[in-house]
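Text of input-v1.pdb, listed as PDB, C-alpha atoms and all ligand atoms:
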```pdb
MODEL        1
ATOM      1  CA  ILE A   1     115.809  98.174 101.641  1.00  0.00           C
ATOM      2  CA  LEU A   2     119.168  96.338 101.501  1.00  0.00           C
ATOM      3  CA  ARG A   3     122.195  98.157 102.967  1.00  0.00           C
ATOM      4  CA  GLY A   4     120.379 101.457 103.467  1.00  0.00           C
ATOM      5  CA  SER A   5     119.975 103.368 106.731  1.00  0.00           C
ATOM      6  CA  GLU A   6     117.163 104.260 109.114  1.00  0.00           C
ATOM      7  CA  ALA A   7     115.321 107.305 107.775  1.00  0.00           C
ATOM      8  CA  LYS A   8     115.207 110.412 109.944  1.00  0.00           C
ATOM      9  CA  PRO A   9     111.838 110.059 111.677  1.00  0.00           C
ATOM     10  CA  HIS A  10     108.971 111.765 109.835  1.00  0.00           C
ATOM     11  CA  LEU A  11     111.209 113.486 107.259  1.00  0.00           C
ATOM     12  CA  LYS A  12     109.405 111.533 104.534  1.00  0.00           C
ATOM     13  CA  PRO A  13     105.869 112.432 105.659  1.00  0.00           C
ATOM     14  CA  TYR A  14     104.376 111.256 102.349  1.00  0.00           C
ATOM     15  CA  MET A  15     105.279 107.598 103.017  1.00  0.00           C
ATOM     16  CA  ALA A  16     102.430 105.115 103.456  1.00  0.00           C
ATOM     17  CA  SER A  17     102.361 101.511 104.627  1.00  0.00           C
ATOM     18  CA  LEU A  18      99.684  99.402 102.900  1.00  0.00           C
ATOM     19  CA  GLN A  19      98.505  96.871 105.447  1.00  0.00           C
ATOM     20  CA  LEU A  20      96.310  93.806 105.665  1.00  0.00           C
ATOM     21  CA  ASP A  21      95.256  92.544 109.130  1.00  0.00           C
ATOM     22  CA  GLY A  22      97.852  94.842 110.692  1.00  0.00           C
ATOM     23  CA  GLN A  23     100.689  93.516 108.541  1.00  0.00           C
ATOM     24  CA  HIS A  24     102.779  95.709 106.201  1.00  0.00           C
ATOM     25  CA  VAL A  25     102.446  94.465 102.609  1.00  0.00           C
ATOM     26  CA  CYS A  26     103.707  97.275 100.387  1.00  0.00           C
ATOM     27  CA  GLY A  27     104.750 100.894 100.389  1.00  0.00           C
ATOM     28  CA  GLY A  28     102.878 103.801  98.868  1.00  0.00           C
ATOM     29  CA  PHE A  29     102.746 107.558  99.112  1.00  0.00           C
ATOM     30  CA  LEU A  30     100.269 110.401  99.537  1.00  0.00           C
ATOM     31  CA  ILE A  31      99.632 112.213  96.239  1.00  0.00           C
ATOM     32  CA  ALA A  32      96.537 114.141  97.417  1.00  0.00           C
ATOM     33  CA  GLN A  33      94.652 114.497 100.708  1.00  0.00           C
ATOM     34  CA  GLN A  34      92.437 111.516  99.995  1.00  0.00           C
ATOM     35  CA  TRP A  35      94.669 109.547  97.616  1.00  0.00           C
ATOM     36  CA  VAL A  36      97.659 107.177  97.896  1.00  0.00           C
ATOM     37  CA  LEU A  37      99.642 105.809  94.933  1.00  0.00           C
ATOM     38  CA  SER A  38     101.201 102.320  95.074  1.00  0.00           C
ATOM     39  CA  ALA A  39     101.779  99.255  92.855  1.00  0.00           C
ATOM     40  CA  ALA A  40      98.996  97.059  91.435  1.00  0.00           C
ATOM     41  CA  HIS A  41     100.895  93.764  92.018  1.00  0.00           C
ATOM     42  CA  CYS A  42     100.549  94.400  95.758  1.00  0.00           C
ATOM     43  CA  MET A  43      96.877  93.467  95.419  1.00  0.00           C
ATOM     44  CA  GLU A  44      97.666  89.965  94.144  1.00  0.00           C
ATOM     45  CA  GLU A  45      97.262  88.063  97.404  1.00  0.00           C
ATOM     46  CA  THR A  46      94.626  90.208  99.098  1.00  0.00           C
ATOM     47  CA  ASP A  47      91.794  87.988  97.732  1.00  0.00           C
ATOM     48  CA  GLY A  48      89.420  90.922  97.432  1.00  0.00           C
ATOM     49  CA  LYS A  49      90.083  92.510 100.843  1.00  0.00           C
ATOM     50  CA  LEU A  50      90.789  96.240 100.943  1.00  0.00           C
ATOM     51  CA  PHE A  51      94.090  97.526 102.354  1.00  0.00           C
ATOM     52  CA  GLN A  52      94.332  99.824 105.302  1.00  0.00           C
ATOM     53  CA  VAL A  53      96.787 102.706 104.929  1.00  0.00           C
ATOM     54  CA  LEU A  54      99.117 103.778 107.731  1.00  0.00           C
ATOM     55  CA  LEU A  55     100.198 107.422 107.509  1.00  0.00           C
ATOM     56  CA  GLY A  56     102.456 109.531 109.739  1.00  0.00           C
ATOM     57  CA  ALA A  57     104.544 106.521 110.795  1.00  0.00           C
ATOM     58  CA  HIS A  58     108.229 105.935 111.347  1.00  0.00           C
ATOM     59  CA  SER A  59     107.921 102.796 113.501  1.00  0.00           C
ATOM     60  CA  LEU A  60     105.323 100.243 112.396  1.00  0.00           C
ATOM     61  CA  THR A  61     104.604  99.235 116.000  1.00  0.00           C
ATOM     62  CA  GLN A  62     105.285 102.097 118.422  1.00  0.00           C
ATOM     63  CA  PRO A  63     102.779 104.870 119.203  1.00  0.00           C
ATOM     64  CA  GLU A  64     103.748 108.120 117.445  1.00  0.00           C
ATOM     65  CA  PRO A  65     102.097 111.560 117.608  1.00  0.00           C
ATOM     66  CA  HIS A  66     100.535 111.721 114.122  1.00  0.00           C
ATOM     67  CA  LYS A  67     100.435 108.035 113.219  1.00  0.00           C
ATOM     68  CA  ARG A  68      97.000 107.014 111.944  1.00  0.00           C
ATOM     69  CA  LEU A  69      95.531 104.010 110.141  1.00  0.00           C
ATOM     70  CA  TYR A  70      93.025 104.945 107.427  1.00  0.00           C
ATOM     71  CA  ARG A  71      90.369 102.783 105.875  1.00  0.00           C
ATOM     72  CA  VAL A  72      90.259 102.666 102.101  1.00  0.00           C
ATOM     73  CA  ARG A  73      87.013 103.561 100.302  1.00  0.00           C
ATOM     74  CA  ALA A  74      88.091 102.184  96.921  1.00  0.00           C
ATOM     75  CA  GLN A  75      91.111 100.728  95.127  1.00  0.00           C
ATOM     76  CA  PHE A  76      91.814 101.408  91.431  1.00  0.00           C
ATOM     77  CA  PRO A  77      94.484  99.169  89.853  1.00  0.00           C
ATOM     78  CA  HIS A  78      95.539 100.463  86.432  1.00  0.00           C
ATOM     79  CA  PRO A  79      93.445  98.643  83.801  1.00  0.00           C
ATOM     80  CA  GLY A  80      96.606  97.610  81.953  1.00  0.00           C
ATOM     81  CA  SER A  81      98.198  95.943  84.996  1.00  0.00           C
ATOM     82  CA  ASN A  82      98.441  92.161  85.013  1.00  0.00           C
ATOM     83  CA  ILE A  83     100.162  89.360  86.902  1.00  0.00           C
ATOM     84  CA  HIS A  84     102.391  88.332  83.984  1.00  0.00           C
ATOM     85  CA  ASN A  85     104.573  91.446  83.668  1.00  0.00           C
ATOM     86  CA  ASN A  86     105.448  94.821  85.156  1.00  0.00           C
ATOM     87  CA  LYS A  87     103.312  96.852  82.738  1.00  0.00           C
ATOM     88  CA  ASP A  88     101.101  99.632  84.175  1.00  0.00           C
ATOM     89  CA  ASP A  89     101.914  98.434  87.718  1.00  0.00           C
ATOM     90  CA  LEU A  90     100.053 101.258  89.483  1.00  0.00           C
ATOM     91  CA  LEU A  91      97.356 101.255  92.162  1.00  0.00           C
ATOM     92  CA  LEU A  92      95.371 104.285  93.337  1.00  0.00           C
ATOM     93  CA  LEU A  93      93.779 104.035  96.775  1.00  0.00           C
ATOM     94  CA  GLN A  94      91.021 106.420  97.820  1.00  0.00           C
ATOM     95  CA  LEU A  95      90.981 106.870 101.594  1.00  0.00           C
ATOM     96  CA  GLU A  96      87.647 106.744 103.438  1.00  0.00           C
ATOM     97  CA  GLU A  97      88.204 110.396 104.357  1.00  0.00           C
ATOM     98  CA  GLU A  98      90.738 113.140 103.657  1.00  0.00           C
ATOM     99  CA  ALA A  99      93.965 112.535 105.543  1.00  0.00           C
ATOM    100  CA  GLU A 100      94.669 115.039 108.279  1.00  0.00           C
ATOM    101  CA  LEU A 101      97.814 116.886 107.094  1.00  0.00           C
ATOM    102  CA  ASN A 102     100.463 117.840 109.640  1.00  0.00           C
ATOM    103  CA  THR A 103     104.249 117.799 110.198  1.00  0.00           C
ATOM    104  CA  ASP A 104     104.279 113.984 109.802  1.00  0.00           C
ATOM    105  CA  VAL A 105     101.654 113.664 107.032  1.00  0.00           C
ATOM    106  CA  ARG A 106     102.167 115.547 103.794  1.00  0.00           C
ATOM    107  CA  VAL A 107     101.478 115.198 100.072  1.00  0.00           C
ATOM    108  CA  LEU A 108     104.449 114.523  97.730  1.00  0.00           C
ATOM    109  CA  PRO A 109     104.259 116.197  94.303  1.00  0.00           C
ATOM    110  CA  PHE A 110     104.783 113.927  91.324  1.00  0.00           C
ATOM    111  CA  GLN A 111     106.420 114.649  87.958  1.00  0.00           C
ATOM    112  CA  ARG A 112     103.918 115.724  85.295  1.00  0.00           C
ATOM    113  CA  GLU A 113     106.393 116.354  82.463  1.00  0.00           C
ATOM    114  CA  ASP A 114     107.047 113.209  80.454  1.00  0.00           C
ATOM    115  CA  ARG A 115     110.840 113.409  80.139  1.00  0.00           C
ATOM    116  CA  ASP A 116     113.360 110.773  81.280  1.00  0.00           C
ATOM    117  CA  VAL A 117     115.388 111.429  84.418  1.00  0.00           C
ATOM    118  CA  ALA A 118     119.025 111.580  83.267  1.00  0.00           C
ATOM    119  CA  ALA A 119     121.210 108.547  83.940  1.00  0.00           C
ATOM    120  CA  ASP A 120     123.454 108.918  87.019  1.00  0.00           C
ATOM    121  CA  THR A 121     120.923 111.245  88.695  1.00  0.00           C
ATOM    122  CA  VAL A 122     120.953 110.249  92.370  1.00  0.00           C
ATOM    123  CA  CYS A 123     117.430 109.705  93.674  1.00  0.00           C
ATOM    124  CA  GLU A 124     116.110 108.396  96.986  1.00  0.00           C
ATOM    125  CA  VAL A 125     113.841 105.517  97.889  1.00  0.00           C
ATOM    126  CA  ALA A 126     112.422 104.444 101.243  1.00  0.00           C
ATOM    127  CA  GLY A 127     110.409 101.591 102.709  1.00  0.00           C
ATOM    128  CA  TRP A 128     109.730  99.002 105.382  1.00  0.00           C
ATOM    129  CA  GLY A 129     110.780  96.171 103.063  1.00  0.00           C
ATOM    130  CA  THR A 130     113.262  93.415 103.854  1.00  0.00           C
ATOM    131  CA  THR A 131     116.712  94.568 104.983  1.00  0.00           C
ATOM    132  CA  ASP A 132     118.716  91.374 104.332  1.00  0.00           C
ATOM    133  CA  HIS A 133     118.676  88.129 102.354  1.00  0.00           C
ATOM    134  CA  SER A 134     117.053  86.214 105.195  1.00  0.00           C
ATOM    135  CA  GLY A 135     113.984  88.438 104.891  1.00  0.00           C
ATOM    136  CA  THR A 136     114.372  90.463 108.087  1.00  0.00           C
ATOM    137  CA  ARG A 137     111.502  92.925 108.373  1.00  0.00           C
ATOM    138  CA  PRO A 138     112.420  96.339 109.864  1.00  0.00           C
ATOM    139  CA  ASP A 139     110.195  98.123 112.337  1.00  0.00           C
ATOM    140  CA  LYS A 140     111.477 101.572 111.338  1.00  0.00           C
ATOM    141  CA  LEU A 141     111.432 103.222 107.907  1.00  0.00           C
ATOM    142  CA  GLN A 142     114.662 102.668 105.958  1.00  0.00           C
ATOM    143  CA  GLN A 143     116.049 104.876 103.184  1.00  0.00           C
ATOM    144  CA  LEU A 144     118.605 104.656 100.396  1.00  0.00           C
ATOM    145  CA  GLU A 145     120.078 106.819  97.657  1.00  0.00           C
ATOM    146  CA  ARG A 146     120.450 105.180  94.258  1.00  0.00           C
ATOM    147  CA  PRO A 147     121.645 106.405  90.843  1.00  0.00           C
ATOM    148  CA  VAL A 148     119.321 106.141  87.853  1.00  0.00           C
ATOM    149  CA  ILE A 149     120.677 103.913  85.064  1.00  0.00           C
ATOM    150  CA  SER A 150     119.769 104.420  81.417  1.00  0.00           C
ATOM    151  CA  ARG A 151     117.032 102.360  79.809  1.00  0.00           C
ATOM    152  CA  ASP A 152     119.581 101.025  77.298  1.00  0.00           C
ATOM    153  CA  VAL A 153     121.822  99.674  80.059  1.00  0.00           C
ATOM    154  CA  CYS A 154     118.812  98.325  81.960  1.00  0.00           C
ATOM    155  CA  ASN A 155     117.547  96.609  78.800  1.00  0.00           C
ATOM    156  CA  HIS A 156     120.860  94.913  78.125  1.00  0.00           C
ATOM    157  CA  ARG A 157     120.581  91.206  77.300  1.00  0.00           C
ATOM    158  CA  THR A 158     122.288  90.282  80.602  1.00  0.00           C
ATOM    159  CA  ARG A 159     119.999  92.602  82.628  1.00  0.00           C
ATOM    160  CA  HIS A 160     116.280  93.039  81.902  1.00  0.00           C
ATOM    161  CA  ASP A 161     116.738  92.029  78.249  1.00  0.00           C
ATOM    162  CA  GLY A 162     114.468  94.497  76.484  1.00  0.00           C
ATOM    163  CA  THR A 163     111.513  94.350  78.914  1.00  0.00           C
ATOM    164  CA  ILE A 164     111.951  97.939  80.189  1.00  0.00           C
ATOM    165  CA  THR A 165     109.402 100.069  78.276  1.00  0.00           C
ATOM    166  CA  PRO A 166     109.511 103.892  77.936  1.00  0.00           C
ATOM    167  CA  ASN A 167     107.017 103.930  80.852  1.00  0.00           C
ATOM    168  CA  MET A 168     109.611 102.372  83.167  1.00  0.00           C
ATOM    169  CA  MET A 169     112.959 103.425  84.617  1.00  0.00           C
ATOM    170  CA  CYS A 170     115.727 101.671  86.548  1.00  0.00           C
ATOM    171  CA  THR A 171     118.169 102.295  89.372  1.00  0.00           C
ATOM    172  CA  ASP A 172     121.459 100.566  90.079  1.00  0.00           C
ATOM    173  CA  SER A 173     121.054  97.467  92.275  1.00  0.00           C
ATOM    174  CA  ARG A 174     124.687  96.628  93.067  1.00  0.00           C
ATOM    175  CA  ARG A 175     124.625  95.677  96.743  1.00  0.00           C
ATOM    176  CA  LYS A 176     122.400  98.559  97.884  1.00  0.00           C
ATOM    177  CA  ASP A 177     118.893  97.952  96.604  1.00  0.00           C
ATOM    178  CA  THR A 178     115.168  97.930  97.246  1.00  0.00           C
ATOM    179  CA  CYS A 179     113.574  94.601  98.128  1.00  0.00           C
ATOM    180  CA  LYS A 180     110.306  92.814  98.906  1.00  0.00           C
ATOM    181  CA  GLY A 181     107.978  95.055 100.890  1.00  0.00           C
ATOM    182  CA  ASP A 182     109.427  98.282  99.466  1.00  0.00           C
ATOM    183  CA  SER A 183     107.320  98.032  96.307  1.00  0.00           C
ATOM    184  CA  GLY A 184     104.781 100.743  95.750  1.00  0.00           C
ATOM    185  CA  GLY A 185     107.079 103.336  97.285  1.00  0.00           C
ATOM    186  CA  PRO A 186     108.206 106.438  95.370  1.00  0.00           C
ATOM    187  CA  LEU A 187     111.540 107.099  93.659  1.00  0.00           C
ATOM    188  CA  VAL A 188     112.127 110.731  94.650  1.00  0.00           C
ATOM    189  CA  CYS A 189     114.496 112.840  92.532  1.00  0.00           C
ATOM    190  CA  GLY A 190     114.955 116.484  93.505  1.00  0.00           C
ATOM    191  CA  GLY A 191     111.963 116.359  95.868  1.00  0.00           C
ATOM    192  CA  VAL A 192     109.565 115.119  93.192  1.00  0.00           C
ATOM    193  CA  ALA A 193     108.212 111.569  92.767  1.00  0.00           C
ATOM    194  CA  GLU A 194     109.405 110.307  89.372  1.00  0.00           C
ATOM    195  CA  GLY A 195     108.572 106.611  89.763  1.00  0.00           C
ATOM    196  CA  VAL A 196     106.735 103.921  91.733  1.00  0.00           C
ATOM    197  CA  LEU A 197     108.737 100.801  92.625  1.00  0.00           C
ATOM    198  CA  THR A 198     107.238  97.852  90.721  1.00  0.00           C
ATOM    199  CA  ALA A 199     106.028  94.901  92.802  1.00  0.00           C
ATOM    200  CA  GLY A 200     106.814  91.988  90.561  1.00  0.00           C
ATOM    201  CA  SER A 201     109.149  89.471  92.189  1.00  0.00           C
ATOM    202  CA  ARG A 202     112.772  90.382  91.560  1.00  0.00           C
ATOM    203  CA  VAL A 203     116.029  89.252  93.134  1.00  0.00           C
ATOM    204  CA  CYS A 204     117.436  92.057  95.332  1.00  0.00           C
ATOM    205  CA  GLY A 205     120.995  93.366  95.522  1.00  0.00           C
ATOM    206  CA  ASN A 206     122.208  91.777  92.291  1.00  0.00           C
ATOM    207  CA  TYR A 207     123.695  94.293  89.863  1.00  0.00           C
ATOM    208  CA  LYS A 208     122.462  92.160  86.970  1.00  0.00           C
ATOM    209  CA  LYS A 209     118.834  92.864  87.938  1.00  0.00           C
ATOM    210  CA  PRO A 210     118.379  96.621  88.469  1.00  0.00           C
ATOM    211  CA  ALA A 211     115.317  97.869  90.351  1.00  0.00           C
ATOM    212  CA  ILE A 212     112.396  98.720  88.076  1.00  0.00           C
ATOM    213  CA  TYR A 213     110.010 101.643  88.592  1.00  0.00           C
ATOM    214  CA  THR A 214     106.859 102.668  86.780  1.00  0.00           C
ATOM    215  CA  ARG A 215     107.443 106.254  85.580  1.00  0.00           C
ATOM    216  CA  ILE A 216     104.585 108.454  86.820  1.00  0.00           C
ATOM    217  CA  ALA A 217     104.501 111.200  84.137  1.00  0.00           C
ATOM    218  CA  PRO A 218     103.046 108.945  81.391  1.00  0.00           C
ATOM    219  CA  TYR A 219     100.089 108.183  83.716  1.00  0.00           C
ATOM    220  CA  VAL A 220      99.127 111.719  84.742  1.00  0.00           C
ATOM    221  CA  GLY A 221      95.978 111.527  82.579  1.00  0.00           C
ATOM    222  CA  TRP A 222      94.831 108.298  84.231  1.00  0.00           C
ATOM    223  CA  ILE A 223      95.652 109.556  87.740  1.00  0.00           C
ATOM    224  CA  ASP A 224      93.805 112.855  87.253  1.00  0.00           C
ATOM    225  CA  SER A 225      90.755 111.182  85.696  1.00  0.00           C
ATOM    226  CA  VAL A 226      90.398 108.564  88.451  1.00  0.00           C
ATOM    227  CA  MET A 227      90.740 111.215  91.174  1.00  0.00           C
ATOM    228  CA  ALA A 228      88.256 113.510  89.408  1.00  0.00           C
ATOM    229  CA  SER A 229      85.704 110.733  88.783  1.00  0.00           C
ATOM    230  CA  ALA A 230      85.729 109.408  92.349  1.00  0.00           C
ATOM    231  CA  ALA A 231      85.890 112.791  94.116  1.00  0.00           C
ATOM    232  CA  HIS A 232      83.063 113.534  96.591  1.00  0.00           C
TER     233      HIS A 232
HETATM  234  O1  LIG B   1     107.033  94.010  97.914  1.00  0.00           O
HETATM  235  C1  LIG B   1     106.774  93.413  96.851  1.00  0.00           C
HETATM  236  O2  LIG B   1     107.483  93.451  95.810  1.00  0.00           O
HETATM  237  C2  LIG B   1     105.562  92.638  96.777  1.00  0.00           C
HETATM  238  N1  LIG B   1     105.055  92.222  95.606  1.00  0.00           N
HETATM  239  C3  LIG B   1     103.922  91.530  95.892  1.00  0.00           C
HETATM  240  C4  LIG B   1     103.033  90.890  95.068  1.00  0.00           C
HETATM  241  C5  LIG B   1     101.950  90.250  95.614  1.00  0.00           C
HETATM  242  C6  LIG B   1     101.769  90.291  96.980  1.00  0.00           C
HETATM  243  F1  LIG B   1     100.704  89.673  97.480  1.00  0.00           F
HETATM  244  C7  LIG B   1     102.624  90.917  97.850  1.00  0.00           C
HETATM  245  C8  LIG B   1     103.713  91.530  97.271  1.00  0.00           C
HETATM  246  C9  LIG B   1     104.777  92.253  97.828  1.00  0.00           C
HETATM  247  N2  LIG B   1     104.997  92.504  99.164  1.00  0.00           N
HETATM  248  C10 LIG B   1     105.278  91.474 100.025  1.00  0.00           C
HETATM  249  O3  LIG B   1     105.445  90.339  99.645  1.00  0.00           O
HETATM  250  C11 LIG B   1     105.398  91.817 101.456  1.00  0.00           C
HETATM  251  C12 LIG B   1     104.848  90.857 102.461  1.00  0.00           C
HETATM  252  C13 LIG B   1     106.293  91.115 102.322  1.00  0.00           C
HETATM  253  C14 LIG B   1     107.025  91.944 103.275  1.00  0.00           C
HETATM  254  C15 LIG B   1     108.368  92.129 103.090  1.00  0.00           C
HETATM  255  C16 LIG B   1     109.072  92.899 103.997  1.00  0.00           C
HETATM  256  C17 LIG B   1     108.448  93.500 105.082  1.00  0.00           C
HETATM  257  C18 LIG B   1     107.081  93.309 105.232  1.00  0.00           C
HETATM  258  C19 LIG B   1     106.364  92.547 104.330  1.00  0.00           C
ENDMDL
END
```
Represent the structure from my file as structure tokens, please.
Ligand SMILES: O=C(O)c1[nH]c2ccc(F)cc2c1NC(=O)[C@H]1C[C@@H]1c1ccccc1
Amino acid sequence: ILRGSEAKPHLKPYMASLQLDGQHVCGGFLIAQQWVLSAAHCMEETDGKLFQVLLGAHSLTQPEPHKRLYRVRAQFPHPGSNIHNNKDDLLLLQLEEEAELNTDVRVLPFQREDRDVAADTVCEVAGWGTTDHSGTRPDKLQQLERPVISRDVCNHRTRHDGTITPNMMCTDSRRKDTCKGDSGGPLVCGGVAEGVLTAGSRVCGNYKKPAIYTRIAPYVGWIDSVMASAAH
């Protein structure tokens, strides 16, 4: 998160850190007791290893009351996701066991109605991604409020030039922006997750390249069927 602020500890109890060998790779969030939603691109350099999911955290390193690292039983990248574009950039992770819910670990509801969030709506995003252009990695969760921009503006020739599909949405990236390591985290508007930050490489903090999110509502069918099929 560029030019955001430290989140109030444990006030975003749905936030997850996807880790490999104890290192934060991407964000994610708890959508059900045994399920975390993130971005498929985050799997690109894991060469087949499964993530571990840190829940209940504010600091990535310090001991905290309800902080717990969960093993992942299975990972389900969306079948349409691929390394060449941002399409269907979603990843469902089934935890080895149901997460223990408490004040610091809670499920975040996601939008099920497929209707665009109005432009200029101010939403919030959070993550442990880079906080400056030299790639500084924060220890504590950062947060930022960003206005949604219309698909037409985001698709302008000088911005994302027509690549933003109806299954995607954008937020303004002038100065304050998400960045590497924030991907997979939720865009929360009115307390509901409307999008998942895409994990394709993108310059951060440049108003010409708005942040891109995968809208969740169009994927409700896929999410429900994966969770139903793997439940036990
Ligand atoms: O965040 C992303 O957009 C993104 N997209 C990817 C695609 C492949 C992939 F193998 C990884 C990523 C990845 N994450 C990262 O590079 C994370 C490692 C870097 C990081 C930044 C800040 C703080 C901690 C760690």
Output check: residues returned by the PyMOL selection byres (((chain A and resi 53) around 7) and not hetatm), as number ranges by chain:
A: 16-19, 51-52, 54-55, 69-71
Output the residue selection produced by the PyMOL selection byres (((chain A and resi 112) around 8) and not hetatm) on the file above, formatted as a list of chain:residue names.
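Output from the PyMOL selection byres (((chain A and resi 112) around 8) and not hetatm), applied to this file: A:Phe110, A:Gln111, A:Glu113, A:Asp114, A:Ile216, A:Ala217, A:Pro218, A:Val220.
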Closest to Ala57 of chain A among A:Phe76, A:Tyr207, A:Tyr213, A:Tyr14, using only C-alpha atoms?
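Smallest distance to Ala57 of chain A is found for A:Tyr14.
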Quick one: residues within 10 Å of Ala7 of chain A, only C-alpha atoms counted, chain neighbours fewer than 4 positions away excluded, as a list of chain:residue names?
A:Leu11, A:Lys12, A:His58, A:Ala126, A:Gly127, A:Lys140, A:Leu141, A:Gln142, A:Gln143, A:Leu144
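Using all atoms listed in the file, the shortest contact distance between Ala228 of chain A and any of A:Gly181, A:Ser150, A:Thr198, A:Gln94 is found at A:Gln94.
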Need the neighbours of (99.1, 92.1, 91.4): which residues are at most 12 Å away, counting all atoms listed in the file, as a PyMOL selection string?
chain A and resi 25-26+38-48+76-91+183-184+198-201
Using only C-alpha atoms, please write the residues we just selected to a file, as a PDB file, in the frame of the given file.
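The new file result17.pdb reads:
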```pdb
ATOM      1  CA  VAL A  25     102.446  94.465 102.609  1.00  0.00           C
ATOM      2  CA  CYS A  26     103.707  97.275 100.387  1.00  0.00           C
ATOM      3  CA  SER A  38     101.201 102.320  95.074  1.00  0.00           C
ATOM      4  CA  ALA A  39     101.779  99.255  92.855  1.00  0.00           C
ATOM      5  CA  ALA A  40      98.996  97.059  91.435  1.00  0.00           C
ATOM      6  CA  HIS A  41     100.895  93.764  92.018  1.00  0.00           C
ATOM      7  CA  CYS A  42     100.549  94.400  95.758  1.00  0.00           C
ATOM      8  CA  MET A  43      96.877  93.467  95.419  1.00  0.00           C
ATOM      9  CA  GLU A  44      97.666  89.965  94.144  1.00  0.00           C
ATOM     10  CA  GLU A  45      97.262  88.063  97.404  1.00  0.00           C
ATOM     11  CA  THR A  46      94.626  90.208  99.098  1.00  0.00           C
ATOM     12  CA  ASP A  47      91.794  87.988  97.732  1.00  0.00           C
ATOM     13  CA  GLY A  48      89.420  90.922  97.432  1.00  0.00           C
ATOM     14  CA  PHE A  76      91.814 101.408  91.431  1.00  0.00           C
ATOM     15  CA  PRO A  77      94.484  99.169  89.853  1.00  0.00           C
ATOM     16  CA  HIS A  78      95.539 100.463  86.432  1.00  0.00           C
ATOM     17  CA  PRO A  79      93.445  98.643  83.801  1.00  0.00           C
ATOM     18  CA  GLY A  80      96.606  97.610  81.953  1.00  0.00           C
ATOM     19  CA  SER A  81      98.198  95.943  84.996  1.00  0.00           C
ATOM     20  CA  ASN A  82      98.441  92.161  85.013  1.00  0.00           C
ATOM     21  CA  ILE A  83     100.162  89.360  86.902  1.00  0.00           C
ATOM     22  CA  HIS A  84     102.391  88.332  83.984  1.00  0.00           C
ATOM     23  CA  ASN A  85     104.573  91.446  83.668  1.00  0.00           C
ATOM     24  CA  ASN A  86     105.448  94.821  85.156  1.00  0.00           C
ATOM     25  CA  LYS A  87     103.312  96.852  82.738  1.00  0.00           C
ATOM     26  CA  ASP A  88     101.101  99.632  84.175  1.00  0.00           C
ATOM     27  CA  ASP A  89     101.914  98.434  87.718  1.00  0.00           C
ATOM     28  CA  LEU A  90     100.053 101.258  89.483  1.00  0.00           C
ATOM     29  CA  LEU A  91      97.356 101.255  92.162  1.00  0.00           C
ATOM     30  CA  SER A 183     107.320  98.032  96.307  1.00  0.00           C
ATOM     31  CA  GLY A 184     104.781 100.743  95.750  1.00  0.00           C
ATOM     32  CA  THR A 198     107.238  97.852  90.721  1.00  0.00           C
ATOM     33  CA  ALA A 199     106.028  94.901  92.802  1.00  0.00           C
ATOM     34  CA  GLY A 200     106.814  91.988  90.561  1.00  0.00           C
ATOM     35  CA  SER A 201     109.149  89.471  92.189  1.00  0.00           C
TER      36      SER A 201
END
```
Report as a ChimeraX atom specification the full result of the PyMOL selection byres (((chain A and resi 205) around 8) and not hetatm) when it is applied to this structure.
/A:2,173-179,203-204,206-207,209
Between atom CA of His160 of chain A and atom CA of Pro210 of chain A, what is the spacing in Å?
7.8 Å
So that I can see what lies close to Gln33 of chain A, please list as a VMD selection string the residues with an atom at most 9 Å from it, counting all atoms listed in the file and leaving out residues fewer than 6 positions away in the same chain.
chain A and resid 95 97 to 101 106 to 107
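Distance annotation: of A:Thr136, A:Val148, A:Val122, A:Lys8, the residue with the minimal separation from Gly191 of chain A is A:Val122; atom set is only C-alpha atoms.
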Which residue is closest to ligand LIG 1 (chain B)? Choose from A:Val72, A:Ala211, A:Leu93, A:Met169 and count all atoms listed in the file.
A:Ala211
Using only C-alpha atoms and all ligand atoms for the distances, tell me which of A:Leu92, A:Met15, A:Leu60, A:Val117 is nearest to ligand LIG 1 (chain B).
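For ligand LIG 1 (chain B), the nearest of the given residues is A:Leu60.
Separating atom CA of Ser134 of chain A from atom CA of Ser59 of chain A is a distance of 20.7 Å.
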Taking all atoms of segment 168-183 of chain A that the file lists and extending 4 Å past them on each side, where is the centre of the axis-aligned box and how long are its edges? Answer in Å to one decimal, as JSON.
```
{"center_x": 116.0, "center_y": 98.1, "center_z": 92.0, "size_x": 25.4, "size_y": 18.6, "size_z": 25.7}
```
